[in-house]
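The structure appears right after this line, and notes come after that.
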Amino acid sequence: QVLVAESGGGLVQSGGSLRLSCVASAASAIISNIDAVGWYRQPPGAQRELVALISKTGYTNYADSVKGRFTITRDNANNTAYLQMHGLKPEDTAVYFCNFQGVILTWGGSFRSGRANYWGQGTQVTVSS
C-alpha cells in the first residue's frame, strides 16, 4: 500500500559528498502519520545497520561512525526524508535503505489503518579510495 523510493546514490571519491532522498507515497490513501524515518545501510557481506533516525518532532540519532559527517532531515508535508553525507569514506560503501516507521493511512475520510513500517528497495553508495 505504501511505496518508498530512495534516490541519490552513486559512485564518489573518498572525501566526497552525496545527498540521499526517500519519499513515501500511497496510491489510494493519504499518509496521515509517520512517527520516525530511519536510514539504514548494509555493507557487502554484512548485516543491515542503523545510520540515522529522525523523529516526527525532529529529534535525531546517529551511528557513532557517521556523527559529524551525516545529517538526516525530513519534510513532513511531503513525506520525504534526506541523508546528507559529507566526508565519505570507503567504509561507507553499502546499500542504503530508507524506513518509514509508524505509518498510518487514511482513506474515505474516516477509515484509518494501524501503524506499519515500510522499507524502500535501497540505493547503492560506493566510495572509492
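Labels for the C-alpha cells follow display order: chains A, B, ..., residues from 1 in each chain, ligands from 1.
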### Query
Hey, what's within 9 Å of A:Ala27 if we count only C-alpha atoms and toss same-chain stuff fewer than 6 positions away? As an MDAnalysis selection string, please?
chainID A and resid 1:3
### Task
Might you pull out every residue within 10 Å of A:Ala81, with only C-alpha atoms counted and same-chain residues fewer than 4 positions away left off, and present them as a PyMOL selection string?
chain A and resi 6+20-24+36-39+54+72-76+98-100
Write to file, as a CSV table (one decimal), in the first residue's frame, the residues of the selection just made, with all heavy atoms.
```csv
chain,number,residue,atom,x,y,z
A,6,GLU,N,13.9,5.4,-2.8
A,6,GLU,CA,15.2,6.1,-2.5
A,6,GLU,C,15.9,6.6,-3.8
A,6,GLU,O,15.7,5.9,-4.8
A,6,GLU,CB,16.1,5.2,-1.7
A,6,GLU,CG,15.7,4.7,-0.4
A,6,GLU,CD,15.3,3.2,-0.4
A,6,GLU,OE1,14.9,2.8,-1.6
A,6,GLU,OE2,15.3,2.6,0.6
A,20,LEU,N,21.2,11.7,-0.2
A,20,LEU,CA,20.1,10.7,-0.5
A,20,LEU,C,18.8,11.2,-0.1
A,20,LEU,O,18.6,12.0,0.8
A,20,LEU,CB,20.4,9.4,0.3
A,20,LEU,CG,21.8,8.8,0.2
A,20,LEU,CD1,21.8,7.5,1.0
A,20,LEU,CD2,22.1,8.5,-1.2
A,21,SER,N,17.8,10.8,-0.9
A,21,SER,CA,16.4,11.2,-0.7
A,21,SER,C,15.5,10.0,-0.7
A,21,SER,O,15.8,9.0,-1.3
A,21,SER,CB,15.9,12.1,-1.8
A,21,SER,OG,16.7,13.3,-1.9
A,22,CYS,N,14.4,10.0,0.1
A,22,CYS,CA,13.4,9.0,0.0
A,22,CYS,C,12.1,9.6,0.3
A,22,CYS,O,11.9,10.5,1.0
A,22,CYS,CB,13.7,7.9,1.0
A,22,CYS,SG,13.5,8.2,2.7
A,23,VAL,N,11.1,9.1,-0.5
A,23,VAL,CA,9.8,9.6,-0.4
A,23,VAL,C,8.8,8.4,-0.2
A,23,VAL,O,9.0,7.4,-0.9
A,23,VAL,CB,9.4,10.4,-1.6
A,23,VAL,CG1,9.6,9.7,-2.9
A,23,VAL,CG2,8.0,11.0,-1.5
A,24,ALA,N,7.8,8.6,0.6
A,24,ALA,CA,6.7,7.6,0.8
A,24,ALA,C,5.5,8.1,0.1
A,24,ALA,O,5.1,9.2,0.2
A,24,ALA,CB,6.5,7.4,2.3
A,36,ALA,N,8.6,8.1,12.7
A,36,ALA,CA,10.0,8.3,12.6
A,36,ALA,C,10.5,7.8,11.2
A,36,ALA,O,9.8,7.0,10.6
A,36,ALA,CB,10.8,7.6,13.6
A,37,VAL,N,11.6,8.3,10.7
A,37,VAL,CA,12.2,7.8,9.5
A,37,VAL,C,13.7,7.5,9.8
A,37,VAL,O,14.4,8.3,10.4
A,37,VAL,CB,12.2,8.9,8.4
A,37,VAL,CG1,12.7,8.3,7.1
A,37,VAL,CG2,10.7,9.4,8.2
A,38,GLY,N,14.1,6.3,9.3
A,38,GLY,CA,15.4,5.9,9.5
A,38,GLY,C,16.1,5.6,8.2
A,38,GLY,O,15.5,5.2,7.3
A,39,TRP,N,17.4,5.9,8.2
A,39,TRP,CA,18.3,5.5,7.1
A,39,TRP,C,19.2,4.3,7.7
A,39,TRP,O,19.8,4.5,8.8
A,39,TRP,CB,19.2,6.6,6.6
A,39,TRP,CG,18.5,7.5,5.7
A,39,TRP,CD1,18.0,8.8,6.0
A,39,TRP,CD2,18.3,7.4,4.3
A,39,TRP,NE1,17.4,9.3,4.9
A,39,TRP,CE2,17.6,8.5,3.8
A,39,TRP,CE3,18.6,6.3,3.4
A,39,TRP,CZ2,17.2,8.7,2.5
A,39,TRP,CZ3,18.2,6.5,2.1
A,39,TRP,CH2,17.5,7.6,1.6
A,54,ILE,N,15.3,10.0,12.6
A,54,ILE,CA,14.7,11.3,12.9
A,54,ILE,C,13.3,11.1,13.3
A,54,ILE,O,12.5,10.4,12.6
A,54,ILE,CB,14.9,12.3,11.8
A,54,ILE,CG1,14.4,13.7,12.2
A,54,ILE,CG2,14.2,11.8,10.5
A,54,ILE,CD1,14.7,14.8,11.2
A,72,ILE,N,20.6,13.9,8.9
A,72,ILE,CA,19.3,13.5,8.5
A,72,ILE,C,18.3,14.6,8.7
A,72,ILE,O,18.3,15.3,9.7
A,72,ILE,CB,18.9,12.2,9.2
A,72,ILE,CG1,17.6,11.6,8.6
A,72,ILE,CG2,18.7,12.4,10.7
A,72,ILE,CD1,17.2,10.2,9.2
A,73,THR,N,17.4,14.8,7.7
A,73,THR,CA,16.3,15.8,7.8
A,73,THR,C,15.1,15.2,7.2
A,73,THR,O,15.1,14.1,6.5
A,73,THR,CB,16.7,17.1,7.1
A,73,THR,OG1,17.0,16.8,5.7
A,73,THR,CG2,17.9,17.8,7.7
A,74,ARG,N,13.9,15.8,7.5
A,74,ARG,CA,12.7,15.3,6.9
A,74,ARG,C,11.8,16.5,6.6
A,74,ARG,O,11.9,17.5,7.2
A,74,ARG,CB,12.0,14.3,7.8
A,74,ARG,CG,11.5,14.9,9.1
A,74,ARG,CD,11.0,13.8,10.1
A,74,ARG,NE,9.7,13.4,9.7
A,74,ARG,CZ,9.0,12.4,10.4
A,74,ARG,NH1,9.6,11.8,11.4
A,74,ARG,NH2,7.8,12.1,10.0
A,75,ASP,N,10.9,16.2,5.6
A,75,ASP,CA,9.9,17.2,5.2
A,75,ASP,C,8.6,16.5,5.4
A,75,ASP,O,8.1,15.7,4.6
A,75,ASP,CB,10.1,17.5,3.7
A,75,ASP,CG,9.1,18.5,3.1
A,75,ASP,OD1,8.1,18.8,3.8
A,75,ASP,OD2,9.2,18.9,2.0
A,76,ASN,N,8.0,16.8,6.5
A,76,ASN,CA,6.7,16.2,6.9
A,76,ASN,C,5.6,16.4,5.9
A,76,ASN,O,4.8,15.5,5.7
A,76,ASN,CB,6.3,16.6,8.3
A,76,ASN,CG,7.2,16.1,9.4
A,76,ASN,OD1,7.9,15.1,9.2
A,76,ASN,ND2,7.3,16.8,10.5
A,98,CYS,N,15.9,3.3,3.2
A,98,CYS,CA,15.1,4.2,4.0
A,98,CYS,C,13.9,3.4,4.6
A,98,CYS,O,13.3,2.5,4.0
A,98,CYS,CB,14.5,5.2,3.0
A,98,CYS,SG,13.6,6.5,3.8
A,99,ASN,N,13.6,3.7,5.8
A,99,ASN,CA,12.5,3.0,6.6
A,99,ASN,C,11.5,4.1,7.2
A,99,ASN,O,12.0,4.8,8.1
A,99,ASN,CB,13.1,2.1,7.6
A,99,ASN,CG,12.1,1.4,8.4
A,99,ASN,OD1,12.1,1.4,9.7
A,99,ASN,ND2,11.2,0.7,7.8
A,100,PHE,N,10.3,4.1,6.8
A,100,PHE,CA,9.3,4.9,7.3
A,100,PHE,C,8.6,4.1,8.4
A,100,PHE,O,8.1,3.0,8.2
A,100,PHE,CB,8.3,5.4,6.3
A,100,PHE,CG,8.8,6.5,5.4
A,100,PHE,CD1,9.6,6.2,4.3
A,100,PHE,CD2,8.6,7.8,5.7
A,100,PHE,CE1,10.1,7.2,3.5
A,100,PHE,CE2,9.1,8.8,4.9
A,100,PHE,CZ,9.8,8.5,3.8
```
Write out as JSON lines the residues of stretch 6-103 of chain A that have any atom within 7 Å of an atom of stretch 111-125 of chain A, one row each with the nearest atom pair and its distance in Å to one decimal, counting only C-alpha atoms, sorted by chain and then rising number.
```
{"residue": "A:Glu6", "atom": "CA", "partner": "A:Thr123", "partner_atom": "CA", "distance": 6.1}
{"residue": "A:Ser7", "atom": "CA", "partner": "A:Thr123", "partner_atom": "CA", "distance": 6.2}
{"residue": "A:Gly9", "atom": "CA", "partner": "A:Val125", "partner_atom": "CA", "distance": 4.9}
{"residue": "A:Gly10", "atom": "CA", "partner": "A:Val125", "partner_atom": "CA", "distance": 5.0}
{"residue": "A:Leu11", "atom": "CA", "partner": "A:Val125", "partner_atom": "CA", "distance": 6.2}
{"residue": "A:Thr93", "atom": "CA", "partner": "A:Val125", "partner_atom": "CA", "distance": 5.4}
{"residue": "A:Ala94", "atom": "CA", "partner": "A:Val125", "partner_atom": "CA", "distance": 5.5}
{"residue": "A:Val95", "atom": "CA", "partner": "A:Gln124", "partner_atom": "CA", "distance": 4.4}
{"residue": "A:Tyr96", "atom": "CA", "partner": "A:Gly122", "partner_atom": "CA", "distance": 5.2}
{"residue": "A:Phe97", "atom": "CA", "partner": "A:Gly122", "partner_atom": "CA", "distance": 4.4}
{"residue": "A:Cys98", "atom": "CA", "partner": "A:Gly120", "partner_atom": "CA", "distance": 5.5}
{"residue": "A:Asn99", "atom": "CA", "partner": "A:Trp119", "partner_atom": "CA", "distance": 4.6}
{"residue": "A:Phe100", "atom": "CA", "partner": "A:Tyr118", "partner_atom": "CA", "distance": 5.3}
{"residue": "A:Gln101", "atom": "CA", "partner": "A:Asn117", "partner_atom": "CA", "distance": 4.4}
{"residue": "A:Gly102", "atom": "CA", "partner": "A:Arg115", "partner_atom": "CA", "distance": 4.7}
{"residue": "A:Val103", "atom": "CA", "partner": "A:Arg115", "partner_atom": "CA", "distance": 5.1}
```
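Coordinates place atom CA of A:Asn33 at a distance of 24.3 Å from atom CA of A:Arg19.
We find atom CA of A:Asp35 and atom CA of A:Leu18 to be spaced 25.3 Å apart.
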### Message
Residues of chain A classed as strand (DSSP E) by DSSP on the backbone are to be reported as a count of residues only.
### Response
78
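The interatomic distance for the pair atom CA of A:Glu49 and atom CA of A:Ala63 works out to 8.7 Å.
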Contact residues around A:Ile31 with only C-alpha atoms at 7 Å, ignoring same-chain residues under 6 positions, as a PDB file with C-alpha atoms, in the first residue's frame:
```
ATOM      1  CA  VAL A 103       2.866   4.946   9.140  1.00  0.00           C
ATOM      2  CA  ILE A 104      -0.903   5.406   9.358  1.00  0.00           C
ATOM      3  CA  LEU A 105      -3.040   5.561   6.244  1.00  0.00           C
ATOM      4  CA  THR A 106      -6.381   7.310   5.989  1.00  0.00           C
TER       5      THR A 106
END
```
